[in-house]
Structures are given as C-alpha cells and as structure tokens.
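Step one of this worksheet: look at the structure below.
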Amino acid sequence: MPVSVVLGSQWGDEGKGKLVDCLTDKMDLCCRAQGGNNAGHTIVVNGTKFDFHLLPSGLINPACINVIGNGVVVNVPALFEEIRVTESKGISCQGRLFVSSRAHLVFSLHQLVDKFKEAELGKTAIGTTLKGIGPTYASKASRSGLRVHHLYQWTEFESRFRQMVENKRKRYGNFEYDVEQELRNYKEYAEKLKPYVIDTIKMVHDAVKQDKRVMVEGANALMLDLDYGTYPYVTSSNTCVGGVCTGLGIPPRKVDNVFGVVKAYTTRVGGGPFPTEQLNAVGEHLQTVGQEIGTTTGRKRRCGWLDVVVLRYSHMINDYTLLNITKLDVLDQLDEIKIGVQYLVDGKPLESFPSDLSLLERVEVQYETHPGWKQDISKCKSFSDLPLNAQKYVKRIEELVGVKVGWIGVGPGRDAMIEMQ
C-alpha cells in the first residue's frame, strides 16, 4: 500500500492536523518525519480540543499506530507532558506510540542557545519559537548531537553531554547551567522512555511491505523549509516532501499521494517577508475571526490575502495530488476577496518565487478581486451547498494552482469538512 503525505503549502498553521485526523480513520500508521515541539496541530473532536506538538495527530484514531521518526528532534520532558495531557483527555498512547532510536535529543541547553542567538541578532531576529529546535539541528549537522539510543550507553552519553556544554560555554561565555541536575533528569527519562524506543525505519518498512496504510504528517510548511523557504526566516529542517524520505527512511517511489493543505487566506508567525500581508482592517478581521493565535507560541499571526505565487512555487516542489482548502468560513462576511496572482518588480513580472529577500521586499503584488458570499457556510455538507461565489473562489484556486481541491474546511470541528466527489 503506497504512502500518503500531508504537507503545509504556505507558512504553516494551515490546519494539517485536521486533515490527518480525517484521513487516519483509514490509516494503520501515522508518522512525523521532521521538526520538533515547535510544530502545533489543533484538532477538535466532539467538543474536546487537542493541541499536538510532538505527538502525531493519528493518536485520535484508537486503531492507528503512531511514529516519531528519525528526522524529528525530541524534547523528552515536553513529550512526556504532552502524553500526560493527551491521556488525561481519554486517549491512550501505550503500545500505540513509538520513537526512533535515531532521533536527536533537544536539551534545555539548546533552548538557552536559541535565546542567545536571537539576542545576538537583535532587530534581525528570526522570531523562532525558542524551543531549541534550530540549535539541536545545528548540533546534529556538526556531528556533536546526542540521539535517543545514546541514553542507553550512559558513559558515552554523559561524556558527550559534558563536552557539548563545555563547547557552548566557549562560544557564549560561562553562563549558568546545572549540568549535574540535567544528567540526573535524563537518567530518569531514559527508563521512562525505553518502552517507546524502537527502530522506526524497520517498523515503517514492514508496514509498507505488509500493505498497511501509512500516513505522514508534515510539520511547519514549504515556505519555512530550510532550503526552499524565505531563508533565513525559516525552520531548521526540510519541510518538503523530500524531508519525508530522509526523516523516516521511506524510498521516494513508495510515496503515492501528497496532499497540500492551503488556508483560504495567508498567515505567518515571526519575522520575514510577507507580500500579501494586510496591515489594515482586513488583516484584523482575518486575525480575529480566524482566531489566528499560534498553537505553540501564543503569538498573534500576521494575516493577508491568499498568495497564489507561493502556492504555485510550493506545488512545483511538492507536486501535490490534491489540495485541502481550510478555514474558508473565515471569509464569510467579507464584501470582496482578493487573490495575489503575480509579483511585479519595476513593472516586470517575476517568473517564480525569488530567493533574494531584498528583491522580495520590492515586489508589487497583482491581485484579482472576487465578490464575497456574505453568508454562513459552516453548516454546508457538500460543494453544492456552498454559495455560488464561494464555489467560484474554490474553482479559481484550482485553475490558478493547477491542482484539484479534494477537501474544504468550513469550521473547526472534524465534521466541518466537505469532501469533494
């Protein structure tokens, strides 16, 4: 059975968790491939709200096995806390959640370094979540990080951890940090984590061989990809479809469906360029009605019109099979709705999304204007139930991006999703 992937097509917070939740009813495995607890997926089930950061959203389905792959960076105490909160809401993780022995560990040391680096950047700070994700991936890339399996080789773990702290002190000064307490903590964490730790590569490959249904849940989104996003205002992992292969050990030929999740407008958190941002009443309306507050950070999201230049670029890299448009209902009360369709610099169109941020800051966005529908669509159950102008808006997105829409979100609940026929 081929592997299906759900990816964010914009700057994150598109509502990927909800689509994963809808699809995992038909899946045997749900896997995370990259990122850490800087991700945030919110799902509402029968009035109960679940905020997932490290945990795969497939936990909602009691028949689904959940995997945290080798490409994920794991903050162990944060993982335990998330398990505790999830289980307090009636969802069991025991025997259903597994962590790769190859995943790298996020320490409180990495979170300190994250703060130091942001302070150094001053006005040009990235606006990271300060969860230590970037410094952990930096440790991984410099071959000085520690992986989950090192917890069970304690002498080596302790030696390498002390060296890691010493190296950071050489770089950032003799900052206060209780090495002995952290080591005591991790000795306890190691035993508690042990039942979850396996070779996830073998587990996923066995599932594919046995014709089981595998879903991969992307974290963050294409425009935050380390290579393809608005660098340096990006995350520290590959959030594209390629990151699925490296983050789980899945061969590219096993990936069959790539579903792109698209918010009906555009948002982003933190610094960086945002061509269609609306610093006006429209932006405030989208922020308020859409409840655009970050699941992980609690920060208000910046809001603007849908940007098709971004979506076409995103599709170029991920080759989406179908799109899921989310939060279409947030546009219900607008008189008119705009779509950014082209970037101009000095009156000349750009052929693609630019790598140079100084050029991106100079773009003039060319918009199409569409009439709003001015009515509540939250009770709509089929495409034909939608007002004609809402239908036209969806169809226009299909035409501009060149990908069919498979699902439309019209509210926060798991039942507020129209499946296209």
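Chains: A, B, ... in order of the structure tokens. Residues: from 1 per chain. Ligands: from 1, in order shown.
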
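Backbone DSSP of segment 215-310 of chain A yields helix (DSSP H, G or I) at Leu222, Met223, Leu224, Val241, Gly242, Gly243, Val244, Cys245, Thr246, Gly247, Leu248, Pro252, Arg253, Lys254, Ala281, Val282, Gly283, Glu284, His285, Leu286, Gln287, Thr288, Val289, Val308, Val309 and Val310 of chain A.
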
*Pick out the residues sitting within 10 Å of Tyr231 of chain A, and hand them over as a ChimeraX atom specification; count only C-alpha atoms, and ignore anything fewer than 6 positions along from it in its own chain.*
/A:126,223-225,272-273,355-357

Go ahead and save the residues from that selection, with C-alpha atoms, as a PDB file, in the first residue's frame.
ATOM      1  CA  ILE A 126      14.237  35.289  13.170  1.00  0.00           C
ATOM      2  CA  MET A 223       7.732  28.305   2.895  1.00  0.00           C
ATOM      3  CA  LEU A 224       9.547  27.518   6.146  1.00  0.00           C
ATOM      4  CA  ASP A 225      11.726  24.842   4.533  1.00  0.00           C
ATOM      5  CA  GLY A 272      10.327  37.645   7.350  1.00  0.00           C
ATOM      6  CA  PRO A 273       8.710  38.931   4.159  1.00  0.00           C
ATOM      7  CA  SER A 355      15.397  33.500  -3.407  1.00  0.00           C
ATOM      8  CA  ASP A 356      16.680  37.037  -2.719  1.00  0.00           C
ATOM      9  CA  LEU A 357      14.703  38.614   0.147  1.00  0.00           C
TER      10      LEU A 357
END

*For segment 385-401 of chain A, list every protein, DNA or RNA residue within 9 Å, evaluated using only C-alpha atoms, and leave out those in the same chain fewer than 5 positions away; present the list as an MDAnalysis selection string.*
chainID A and resid 264 308:309 311:312 315 323 325 328 332 337 339 341 370:375 377 379:380 408

*asked:* Taking only C-alpha atoms into account, name the residue in A:Leu286, A:Val76, A:Val244, A:Val405 that is nearest to Val262 of chain A.
replied: A:Val405

_For Gly242 of chain A, the nearest of the candidates A:Thr86, A:Ala63, A:Asp319, A:Lys209, counting only C-alpha atoms_ = A:Asp319

*Excluding Asn220 of chain A and any residue of its chain fewer than 3 positions from it, enumerate the residues within 7 Å of it, using only C-alpha atoms, and give them as a list in words.*
Gly8, Trp11, Gly12, Ala39, Leu224 and Thr239 of chain A

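Here atom CA of Phe52 of chain A and atom CA of Gly127 of chain A stand 20.8 Å from one another.
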